[in-house]
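Working notes, beginning with the structure itself.
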Amino acid sequence: QSHASADTFIFGLLMVGPANDHGWSQAHFEAGKEIERNIPGSKMIYIDKVNPADRPGVTIPFLVDDLVSKGAKLIIGNSDDMTDGIREAAILHPDIKFIHISGDDALNPDSPENLSNLMGKMEYGQMMAGFAAAMTTKTGKIGYLGPLINDETKRLAASCFLGARYAWTEVLKKDPADLSFKISWIGFWFNIPGVTSDPTQVAKNFFDSGYDVVISGIDTTEALIVADQKKKEGADVAAIPYDYEGACEIAPDACLGVPYFNWYPGYSYFINNIKNNDWKKEWLWLGPNWKDMNNTKKSSISFKNGNALPGDVQTKLAVFAKGLGNESISLFTGPLNFQDKSIFLKEGETATEKQIWNLPQLLEGMDGSSK
Amino acid sequence: MDVEFQHISKNFGQVQALTDVSLTARSSTIHGLIGENGAGKSTLMKILTGYQSKSSGSILLDGVEAQLNNPSQASNLGIGMLYQEPMDFPPLTVLENFSLGTPRQSRQELHFALKTLSIRFGFDLDPDLPVELLTVGERQQIELLRLIHCNIKVLILDEPTTGISPAQKEALFPALKQLAADGLTILLVSHKLEEVANLCSEVTVLRHGKLTHHTAAPFHFPKLLTAMFGFVPKRKDKGSARDKGSPILICKNIEASGERQGLHQCDITVAEGEIIGLAGLDGAGQSTFLRLAAGLISPDQGKVTLFNNSLPHGAKAYIRAQELHTSFIPADRLEESLFAGISLRDHFSLREEHGMFWQSRTRTRQRTEEAITTFSIKGTPEDLAEDLSGGNQQRLLLSLLNRNSRLILLENPTRGLDIQSGQWIWQHLRDELSPDTAIIFSSPELDEILHYSDRIIVFHDGNIVLDSAVADTSHGAIAAAMTGMREGTP
Amino acid sequence: MIGELSLPMLIASVLAASAPLIIIALGETLAEKSGVINLSLDGVVLFAAMAAFVVAKETDSLLLGFLAGGCAGMLTGVIVGYFSIYLHLSQVAVGFALSLLCRDLAYFLGNPYSRIQGPTMLSSKLPFYDSLPSSLQIILSQPLTVWLALLLVAIIYYFFSFSKAGLNLRSVGENPAASFARGLNPAKIQMLAVLGGAFLVGIGGAAYSLSLKPGWGRPQGAEGIGWIGLALVIFGGWNPIRVALGATLFAFLQVSGIGLQDLFPGIPSQVFQTAPFPLMIFTLIFMHFSTSRSRKQGYSSSRLQRLAGKLFMSRAPKGLGQSYRQE
Amino acid sequence: MKKLIIDILLGSLLVFSFTSLVLLIAGAPVLDAFKHIWLGAFASSIKISQVLSVWVPLTLCSCGLLFTFRANLWNIGIEGQVTMGAIGAMAVLRIPGIDPTLTLCLAFLTSMLCGGAWGLFAGLLKTRGGVHEIFGGLGLNFVSQGFILWLIFGPWKRPGIASMSGTELLNRKLWLASLPGWRVATAGIIITITILILTWLFLQKSRLGLKLKAIGQNPKAALLYAISPERYYLQSIFIAGSCAGIAGFIQTTGVYHRLIPSISSGYGYLALLLVMLSGYKIVLIPILAFFFASLNVGAIQLPIVLQLDSALAGVIQGCCVLCALFILGIRHDR
Ligand SMILES: Nc1ncnc2c1ncn2[C@@H]1O[C@H](COP(=O)(O)OP(=O)(O)OP(=O)(O)O)[C@@H](O)[C@H]1O
Ligand SMILES: Nc1ncnc2c1ncn2[C@@H]1O[C@H](COP(=O)(O)OP(=O)(O)OP(=O)(O)O)[C@@H](O)[C@H]1O
Ligand SMILES: [Mg+2]
Ligand SMILES: [Mg+2]
């Protein structure tokens, strides 16, 4: 009955999109639920659609005030766009801990001590997505439904492209010139009418222009829904959603698979640290557990095969993943050029984490705007 | 079908438009209904068509009491009316206007019907032209044809000949007679005694909502005129005759549009100190002339000169006219000259203070109170304009007049006023203003014009048909000019 | 050609994207021709889209979904009609308040149904599909809503121009007092027009959630469309064919806006997304000026000039915005 | 007076029943929902100060709208006017190296001018271009939306990344200060109260207010009093735009401390509803604005506690206006 007993640990989750978006926010939501199930006494309070379009006039510090008044000891903000608000709130509430997903404030010495960053190495997930796409495309045209242009989205799109090019040239042994990889940025992580491009329309345009696989880099599932519609109308197309393990469920037959985040390992790491009074400001970038990629307790990143992915491709994808895991396949290795033909990596050179994290522009061979 | 009105009364709020009117129009006859403006003719007819509801009384058709609550019921019973103001749809085409309210028919059939009827009545109508491009007369023609096409049994014509050329009249009149002969009951509302005499077998006269005279042909015109306009009042003493000064308003060769007929070849010169009454039927051109002089409309042709300054064209004209000490009071007080929801004090504030930022309560309040006593307005400074009675609204407007005005234009200044208020207002206008101020006013009441003006101008269909000193003309001549008769006819 | 879209694909996309908008704008035209401005469109579209999706999802029937959308629209039509025709309240005030209310009601009630898979209307093949050249195949494989929209253009054009009921409706919009004098019941006719129009608006909303942007969510993707619909009616000069052409033009701007991103990489893509809205509305200024000029031509005796005048002339029904009060 | 109380009670009952019905349809606990909205708005002083921070822009916009409504104009473009005010303020705030207080004062003035100019634009579209102010205003709302996006993603983007989260945070010296423990800019409250008083003075005491009323009631007669409707239409919409511009200034410097795409937060549209509900009476504006603001703030609890959508606030607000109109309608009909 007494909800404030000593070992109750309340944490607040601020999600940028709807908790049931079959994407980014739902992945966080499910991880929070998983925490509640696995860490005794833990309780999640959450609020979704924390973005200025859905909740005009509502600021992050205001929501944090509210969650703190409900007893939250830890606040997790799941959007890049919450950077300023989370930092402001962290300054206002020095005794509450904050995790900002996807930023890098913690690397900044001036940032508050109670604020850490967490991110997953989705680069690997995207490489596998690109691989699956290139292995299945018939037209050699892959569309990438991009959100907005920033360092994170550029490196993810580039990873996806590298995965696709690997499959195209190394596995299928085809001419790289025949692979077209095109990015269309809609302007935000999900559709805001009159502000972003309409992702439904963008996906339609992709399919109508001969792209037969569309990879979604946005948080919502429009690409998959359109692919499903087209498929039911008889077109041979498919799509790869993003973020959430269950994303394919909305249209399983048009889904090649989904690269997804599993936030449980990161969350539980921080919560255990807080409970053990071990909190320190850190910047955490967690990758897949290559041995047991689909284990929700261990692996932060994974790729789940979809119904539309042929069996032989599934096998080849497993081999590819294994190669990534034992580093026999290293895709961020030269020679690699930027989109403007300037040199990114020389022959044999491998990119550092920092180089990848701060990727300045798209790579040569990718079609789409870099800024 | 015989139409029998029994003890019909109608009031609009406090306005008693009809009082206990009983009359019978027999089938196969044309029954005339005459009376001055506002006598209640149109109201009586609208009650017959169900367009307006009656306050009391009943209507019998062929001796049976009829339910006439809306036009639909009336037209099902075979009653159709040609309204005084065109009741049509200006943007729609002639054919569409013709077909609205008639039974369902194909386009070809309608086309054919319109054509045959046009030929029969000698009208020339292009079925595809939007009605707004037609003259009022042509619009009434369409409506007439439509009614006849509907196979009605009772035909009401409210001023059917406005804007119809003599040639068309020659086609229309025999046709109407033929319709009556075919068994129709025709009720004809008109101001034009010639027409009534020509067409009707019986005539009823209304005055102030009451039936004053009923007679069968042959008609004695003076008797009808007396029943219409009341007795010809004896000229009372007007006070000292004013001296005419130098000309202040000169209109030369004006052509303007407005009202029904616009204005044509209008030449008027007004001198200081003159009081001019404008007579004529409703919409014959008086209002257009007043607005032209006030600068509210600009002439299509010709020039208006005020105090030796010619008025500019467009929106600036009104401001300029005001600078030249001209004031105008329109007839429709709440529609055009007062702000319904604004207090008397604020009207003064709006009127009198210029170039000031704050309202000054005490000063305007004082001024308003002064005006309320001087003009005996029944109200307080904080009353809203809409709460005043009509007479008091008129007094308010007069009190808002610029005191330095040298030319005052009044549109029907005693509209809706009782005799006492009317006299009070005239006394004020004649006595309080400096003797070199000129006044031009229009009025539907001949008595008023004869009584208060020095000079009378009669308009008919946009033309000036009579312009003479009041002393030089007679009541009969004016009434005749107003009804479109030339001087000299009986 | 915009971006990589081939011409037939572009035409097909534009047709598909314009269909719901055409239906919505025609619904508003119907109401406005009778003299009633239904300003609540923007919210009603969303409300109907939500209702349609929820019902279609629960019953697994597209037909019931569309009907539910239409009925949801009609429900709001009852409010607009009753308030403005019988209570004589300001049509603008009622419409605006209702617009915001319906939008939020849709978000509130639709919340449990957001972002789930539901029935979707697919494009259907025509019977003689296979015998057509491939570009025509592309253009003509459209969902039923497109055919419905085109059919409605024809029906409403016929209704206004040739039918007795349509003439009665127009007459009420021009001069309700005169209509009354000719035995019509203006209030009843206006109410029917508002209800019919609102039903179409509802169908248009349903076309969003069941066909063009399948599914429900916040945002739905149909935000702002109602305002565009209202502007289109003016743009189209209350003429169903011109209204439909306007809707097509707007859809073209929206579809091609995505391709323009590639042509002008320096301009943020968001700008292209907002562009069609102001463009649409600024054409209204053009309409204003060209109208005053073409009104004269419209009545010219030369047939050709009359036609040209008609193309650009636009005039609101004379009685628009006022409701008739019988004495 | 008695009639008024009956009307208010009747209206509240209608609103309450409709809202309960909506909640029942959504399968939500009716009383709980109201309770949480109440607690969410008033449970602590922080929450009340949140309510006040919504109250400020709402009241400002409403004050402006009183001018345009008085002239019988539908200034639906008020959203864009808030946005342009915020942009104007930001343009000044970005200038480096001026004294912060001076910068803030300049930003305040610029925001007024920008908002006003944007209003004037809609007014000119009406008087000169023949575009009804509703459509002109809407069009300009979209234009201002495009403009602010272009700035945020173009010239004013934060170093490295352009994002929907807006421009870079302002220097803390340029934040409007709030009292310790309060979340609302003190200056915002003071400005709002000042504008309220000024609005009251202008509308009730100045000849401008009177002339606007005259024009709103009867533009035809206004001409007879040598009042040019066009001029006063423009004046009123300029004033409305300026008030909205101030709201944009406070949103930028006191709430978000940066420029974000939806800086106007829909307060303009909400203010339109609010002014309609108030019956265009200024005494009711601050009270109703507080009511609307507390609904907005309190409704955030619905998703947190009951997993409902917070759009219920908008449902209640819209319903209030419709019920008020309805009661007005049946009273007039009698
Ligand atoms: N709708 C109305 N509301 C109030 N008063 C009205 C209305 N219609 C007519 N009246 C008044 O009723 C009286 C009779 O008007 P009516 O139109 O019947 O006169 P009329 O004899 O037809 O005059 P005219 O020759 O000018 O046409 C007038 O005093 C008029 O002002
Ligand atoms: N809408 C109204 N609201 C309140 N009071 C009104 C209203 N209309 C009229 N009154 C008041 O009712 C009284 C009678 O008004 P009414 O118009 O019948 O006067 P009246 O006898 O016609 O006078 P007059 O001869 O001056 O026209 C007046 O004292 C007037 O102030
Ligand atoms: Mg009459
Ligand atoms: Mg009276």
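Every chain in the structure tokens has a letter given in the order shown (A, B, ...), and although residue numbers restart at 1 in each chain, ligands are simply numbered from 1 in the order shown.
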Counting only C-alpha atoms and all ligand atoms, which residues of chain B sit at most 12 Å from some atom of ligand 3, and what is each one's closest atom pair with its distance in Å to one decimal, listed by chain and rising residue number, as JSON lines?
{"residue": "B:Ala17", "atom": "CA", "partner": "ligand 3", "partner_atom_place_in_ligand_line": "1 (Mg)", "distance": 11.3}
{"residue": "B:Leu33", "atom": "CA", "partner": "ligand 3", "partner_atom_place_in_ligand_line": "1 (Mg)", "distance": 10.5}
{"residue": "B:Ile34", "atom": "CA", "partner": "ligand 3", "partner_atom_place_in_ligand_line": "1 (Mg)", "distance": 9.8}
{"residue": "B:Gly35", "atom": "CA", "partner": "ligand 3", "partner_atom_place_in_ligand_line": "1 (Mg)", "distance": 9.3}
{"residue": "B:Glu36", "atom": "CA", "partner": "ligand 3", "partner_atom_place_in_ligand_line": "1 (Mg)", "distance": 9.0}
{"residue": "B:Asn37", "atom": "CA", "partner": "ligand 3", "partner_atom_place_in_ligand_line": "1 (Mg)", "distance": 6.8}
{"residue": "B:Gly38", "atom": "CA", "partner": "ligand 3", "partner_atom_place_in_ligand_line": "1 (Mg)", "distance": 6.6}
{"residue": "B:Ala39", "atom": "CA", "partner": "ligand 3", "partner_atom_place_in_ligand_line": "1 (Mg)", "distance": 7.9}
{"residue": "B:Gly40", "atom": "CA", "partner": "ligand 3", "partner_atom_place_in_ligand_line": "1 (Mg)", "distance": 6.8}
{"residue": "B:Lys41", "atom": "CA", "partner": "ligand 3", "partner_atom_place_in_ligand_line": "1 (Mg)", "distance": 5.6}
{"residue": "B:Ser42", "atom": "CA", "partner": "ligand 3", "partner_atom_place_in_ligand_line": "1 (Mg)", "distance": 4.0}
{"residue": "B:Thr43", "atom": "CA", "partner": "ligand 3", "partner_atom_place_in_ligand_line": "1 (Mg)", "distance": 7.0}
{"residue": "B:Leu44", "atom": "CA", "partner": "ligand 3", "partner_atom_place_in_ligand_line": "1 (Mg)", "distance": 9.2}
{"residue": "B:Met45", "atom": "CA", "partner": "ligand 3", "partner_atom_place_in_ligand_line": "1 (Mg)", "distance": 8.9}
{"residue": "B:Lys46", "atom": "CA", "partner": "ligand 3", "partner_atom_place_in_ligand_line": "1 (Mg)", "distance": 9.6}
{"residue": "B:Leu82", "atom": "CA", "partner": "ligand 3", "partner_atom_place_in_ligand_line": "1 (Mg)", "distance": 11.3}
{"residue": "B:Tyr83", "atom": "CA", "partner": "ligand 3", "partner_atom_place_in_ligand_line": "1 (Mg)", "distance": 8.5}
{"residue": "B:Gln84", "atom": "CA", "partner": "ligand 3", "partner_atom_place_in_ligand_line": "1 (Mg)", "distance": 6.1}
{"residue": "B:Glu85", "atom": "CA", "partner": "ligand 3", "partner_atom_place_in_ligand_line": "1 (Mg)", "distance": 8.3}
{"residue": "B:Pro86", "atom": "CA", "partner": "ligand 3", "partner_atom_place_in_ligand_line": "1 (Mg)", "distance": 11.8}
{"residue": "B:Leu157", "atom": "CA", "partner": "ligand 3", "partner_atom_place_in_ligand_line": "1 (Mg)", "distance": 10.6}
{"residue": "B:Asp158", "atom": "CA", "partner": "ligand 3", "partner_atom_place_in_ligand_line": "1 (Mg)", "distance": 6.9}
{"residue": "B:Glu159", "atom": "CA", "partner": "ligand 3", "partner_atom_place_in_ligand_line": "1 (Mg)", "distance": 7.9}
{"residue": "B:Pro160", "atom": "CA", "partner": "ligand 3", "partner_atom_place_in_ligand_line": "1 (Mg)", "distance": 11.3}
{"residue": "B:Leu188", "atom": "CA", "partner": "ligand 3", "partner_atom_place_in_ligand_line": "1 (Mg)", "distance": 11.4}
{"residue": "B:Val189", "atom": "CA", "partner": "ligand 3", "partner_atom_place_in_ligand_line": "1 (Mg)", "distance": 8.0}
{"residue": "B:Ser190", "atom": "CA", "partner": "ligand 3", "partner_atom_place_in_ligand_line": "1 (Mg)", "distance": 8.8}
{"residue": "B:His191", "atom": "CA", "partner": "ligand 3", "partner_atom_place_in_ligand_line": "1 (Mg)", "distance": 9.7}
{"residue": "B:Leu206", "atom": "CA", "partner": "ligand 3", "partner_atom_place_in_ligand_line": "1 (Mg)", "distance": 11.4}
{"residue": "B:Gly209", "atom": "CA", "partner": "ligand 3", "partner_atom_place_in_ligand_line": "1 (Mg)", "distance": 11.7}
{"residue": "B:Leu281", "atom": "CA", "partner": "ligand 3", "partner_atom_place_in_ligand_line": "1 (Mg)", "distance": 10.7}
{"residue": "B:Asp282", "atom": "CA", "partner": "ligand 3", "partner_atom_place_in_ligand_line": "1 (Mg)", "distance": 9.2}
{"residue": "B:Gly283", "atom": "CA", "partner": "ligand 3", "partner_atom_place_in_ligand_line": "1 (Mg)", "distance": 11.6}
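For Val45 in chain C, the list of residues within 8 Å, based on only C-alpha atoms and with local chain neighbours fewer than 3 positions off taken out, reads C:Leu41, C:Asp42, C:Ala48, C:Ala49, C:Gly73, C:Val201, C:Gly202, C:Gly204, C:Gly205, C:Ala206, C:Ala222, C:Ile225, C:Gly226.
All chain D residues having an atom within 8 Å of chain B, based on only C-alpha atoms, amount to D:Lys205, D:Ser206, D:Arg207, D:Leu208, D:Leu210, D:Lys211, D:Lys213, D:Ala214, D:Gln217, D:Asn218, D:Lys220, D:Ala221, D:Ala222, D:Leu224, D:Tyr225, D:Ala226.
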Prev. selection, C-alpha atoms, output as a PDB file, in the first residue's frame:
ATOM      1  CA  LYS D 205     -11.727  55.359 -22.326  1.00  0.00           C
ATOM      2  CA  SER D 206     -10.122  56.302 -25.594  1.00  0.00           C
ATOM      3  CA  ARG D 207     -11.825  57.502 -28.709  1.00  0.00           C
ATOM      4  CA  LEU D 208     -10.064  54.720 -30.591  1.00  0.00           C
ATOM      5  CA  LEU D 210     -15.220  53.969 -29.429  1.00  0.00           C
ATOM      6  CA  LYS D 211     -14.436  54.302 -33.099  1.00  0.00           C
ATOM      7  CA  LYS D 213     -16.918  49.813 -31.791  1.00  0.00           C
ATOM      8  CA  ALA D 214     -18.700  52.113 -34.200  1.00  0.00           C
ATOM      9  CA  GLN D 217     -21.313  47.821 -35.548  1.00  0.00           C
ATOM     10  CA  ASN D 218     -22.015  49.761 -38.679  1.00  0.00           C
ATOM     11  CA  LYS D 220     -21.797  52.237 -43.407  1.00  0.00           C
ATOM     12  CA  ALA D 221     -22.785  54.780 -40.795  1.00  0.00           C
ATOM     13  CA  ALA D 222     -19.180  55.295 -39.762  1.00  0.00           C
ATOM     14  CA  LEU D 224     -21.256  59.619 -42.144  1.00  0.00           C
ATOM     15  CA  TYR D 225     -19.205  60.418 -39.052  1.00  0.00           C
ATOM     16  CA  ALA D 226     -16.075  60.863 -41.175  1.00  0.00           C
TER      17      ALA D 226
END
For a quick test of understanding: name the residues of chain D lying within 10 Å of chain A when counting only C-alpha atoms, and present them as a VMD selection string. chain D and resid 40 43 to 44 46 to 47 50 53 to 54 142 145 to 146 149 153 to 154 160 to 166 168 to 169 181 183 251 255 to 258 260 to 267 296 to 297 300 to 305 307 309 to 311
Expected answer as an NGL selection string: chain C residues within 10 Å of chain D, only C-alpha atoms: :C and (79 or 82-84 or 86-90 or 92-112 or 224 or 227-228 or 230-231 or 234 or 266-289)
Keeping only C-alpha atoms, write those residues as a compact mmCIF listing (two decimals), in the first residue's frame.
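Wrote it out as again.txt, contents follow:
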# COMPACT_ATOMS: atom_id res chain seq x y z
CA ILE C 79 -24.65 21.34 -34.92
CA TYR C 82 -29.00 24.03 -36.03
CA PHE C 83 -26.86 26.78 -34.53
CA SER C 84 -26.66 28.91 -37.62
CA TYR C 86 -32.35 27.95 -36.51
CA LEU C 87 -30.61 29.85 -33.72
CA HIS C 88 -29.21 32.47 -36.12
CA LEU C 89 -25.79 32.48 -34.45
CA SER C 90 -22.65 33.60 -36.22
CA VAL C 92 -18.03 31.72 -38.30
CA ALA C 93 -18.02 31.55 -34.51
CA VAL C 94 -19.83 28.23 -34.39
CA GLY C 95 -17.68 26.73 -37.10
CA PHE C 96 -14.41 27.83 -35.58
CA ALA C 97 -15.23 26.56 -32.10
CA LEU C 98 -16.50 23.30 -33.53
CA SER C 99 -13.37 22.91 -35.59
CA LEU C 100 -11.10 23.02 -32.56
CA LEU C 101 -13.48 20.87 -30.54
CA CYS C 102 -13.69 18.14 -33.19
CA ARG C 103 -9.96 18.03 -33.64
CA ASP C 104 -9.32 17.49 -29.96
CA LEU C 105 -12.22 15.09 -29.65
CA ALA C 106 -10.72 13.02 -32.43
CA TYR C 107 -7.34 12.92 -30.73
CA PHE C 108 -8.90 12.07 -27.40
CA LEU C 109 -11.26 9.35 -28.49
CA GLY C 110 -8.91 7.94 -31.10
CA ASN C 111 -6.01 7.56 -28.71
CA PRO C 112 -6.48 3.80 -28.05
CA GLY C 224 -4.75 21.70 -42.12
CA TRP C 227 -8.68 25.01 -44.19
CA ILE C 228 -7.36 24.22 -47.62
CA LEU C 230 -12.37 26.06 -47.47
CA ALA C 231 -9.91 28.09 -49.48
CA ILE C 234 -13.32 30.30 -52.98
CA GLY C 266 19.96 24.47 -49.99
CA ILE C 267 16.40 25.05 -48.86
CA PRO C 268 15.22 23.04 -45.86
CA SER C 269 12.63 20.48 -46.86
CA GLN C 270 10.19 21.87 -44.33
CA VAL C 271 9.81 25.01 -46.37
CA PHE C 272 8.47 23.05 -49.33
CA GLN C 273 5.93 21.44 -47.10
CA THR C 274 4.46 24.69 -45.91
CA ALA C 275 4.56 26.30 -49.33
CA PRO C 276 1.34 24.91 -50.85
CA PHE C 277 -0.78 26.32 -48.04
CA PRO C 278 0.15 29.97 -48.47
CA LEU C 279 0.33 29.56 -52.24
CA MET C 280 -3.21 28.34 -52.25
CA ILE C 281 -4.37 31.21 -50.17
CA PHE C 282 -2.48 33.85 -52.04
CA THR C 283 -4.11 32.76 -55.24
CA LEU C 284 -7.22 34.15 -53.60
CA ILE C 285 -5.81 37.63 -54.07
CA PHE C 286 -5.30 36.86 -57.69
CA MET C 287 -8.88 35.65 -57.82
CA HIS C 288 -10.04 38.92 -56.33
CA PHE C 289 -8.37 41.05 -58.93
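For ligand 2, the set of protein, DNA and RNA residues within 7 Å, based on only C-alpha atoms and all ligand atoms, reads Gln14, Lys378, Gly379, Glu386, Asp387, Leu388, Ser389, Gly390, Gly391, Asn392, Gly416, Leu417, Asp418 and Ser421 of chain B.
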Taking only C-alpha atoms into account, find every residue of chain B that has an atom no more than 9 Å from chain C, and write it out as a count of residues only. 33
Could you pull out all residues of range 174-310 of chain A with a DSSP call of alpha helix (DSSP H) and give them as number ranges by chain? A: 199-208, 222-232, 264-275
12 Å contact set for Pro127 in chain C, only C-alpha atoms, chain neighbours under 3 positions out, as JSON, numbers by chain: {"C": [124, 130, 131, 132, 137, 140, 141]}
Nearest candidate to chain C (options A:Ile215, A:Ile86, A:Ile192, A:Leu284; using only C-alpha atoms): A:Ile192
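With distances restricted to only C-alpha atoms and all ligand atoms, B:Gln394 is the closest residue to ligand 4 from B:Asn198, B:Gln394, B:Ser310, B:Thr19.
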Could you give me, as a Markdown table, every chain A residue with an atom at most 8 Å from chain C, plus its closest atom pair and distance in Å to one decimal, counting only C-alpha atoms, rows ordered by chain then number?
| residue | atom | partner | partner_atom | distance |
| --- | --- | --- | --- | --- |
| A:Asn20 | CA | C:Arg115 | CA | 6.8 |
| A:Asp21 | CA | C:Arg115 | CA | 5.9 |
| A:His22 | CA | C:Arg115 | CA | 7.5 |
| A:Asp54 | CA | C:Arg218 | CA | 7.5 |
| A:Trp185 | CA | C:Ser269 | CA | 7.6 |
| A:Ile186 | CA | C:Ser269 | CA | 7.0 |
| A:Gly187 | CA | C:Gln270 | CA | 6.3 |
| A:Asn191 | CA | C:Pro219 | CA | 7.0 |
| A:Ile192 | CA | C:Pro219 | CA | 6.4 |
| A:Pro193 | CA | C:Gly221 | CA | 5.2 |
| A:Gly194 | CA | C:Thr274 | CA | 5.2 |
| A:Val195 | CA | C:Gln270 | CA | 5.2 |
| A:Thr196 | CA | C:Gln270 | CA | 5.3 |
| A:Ser197 | CA | C:Gln273 | CA | 5.9 |
| A:Asp198 | CA | C:Gly221 | CA | 7.2 |
| A:Thr200 | CA | C:Lys213 | CA | 6.5 |
| A:Gln201 | CA | C:Val255 | CA | 7.0 |
| A:Val202 | CA | C:Ile258 | CA | 6.8 |
| A:Asn205 | CA | C:Leu5 | CA | 6.9 |
| A:Asp208 | CA | C:Met9 | CA | 6.2 |
| A:Ser209 | CA | C:Leu5 | CA | 5.1 |
| A:Ile225 | CA | C:Pro214 | CA | 7.7 |
| A:Gln229 | CA | C:Leu122 | CA | 6.5 |
| A:Lys232 | CA | C:Leu122 | CA | 7.5 |
| A:Glu233 | CA | C:Leu122 | CA | 6.5 |
| A:Ile250 | CA | C:Gln117 | CA | 5.6 |
| A:Ala251 | CA | C:Gln117 | CA | 7.5 |
| A:Gly368 | CA | C:Asp262 | CA | 7.4 |
| A:Ser369 | CA | C:Pro265 | CA | 6.4 |
| A:Lys371 | CA | C:Gly266 | CA | 7.8 |
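By chain and then residue number, the residues within 12 Å of Gly422 in chain B are Gly390, Gly391, Asn392, Gln394, Arg395, Asn412, Pro413, Thr414, Arg415, Gly416, Leu417, Asp418, Ile419, Ile425, Trp426, Gln427, His428, Leu429, Ser443, Glu445, Asp447, Glu448, His451 and Tyr452 of chain B, counting only C-alpha atoms and disregarding those fewer than 3 positions away in sequence.
Between CA of Thr199 in chain D and CA of Leu39 in chain C the interatomic distance comes to 29.1 Å.
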As a PyMOL selection string, please: every residue in range 106-242 of chain B that DSSP puts in strand (DSSP E or B). chain B and resi 130+154-158+185-189+202-207+210-216
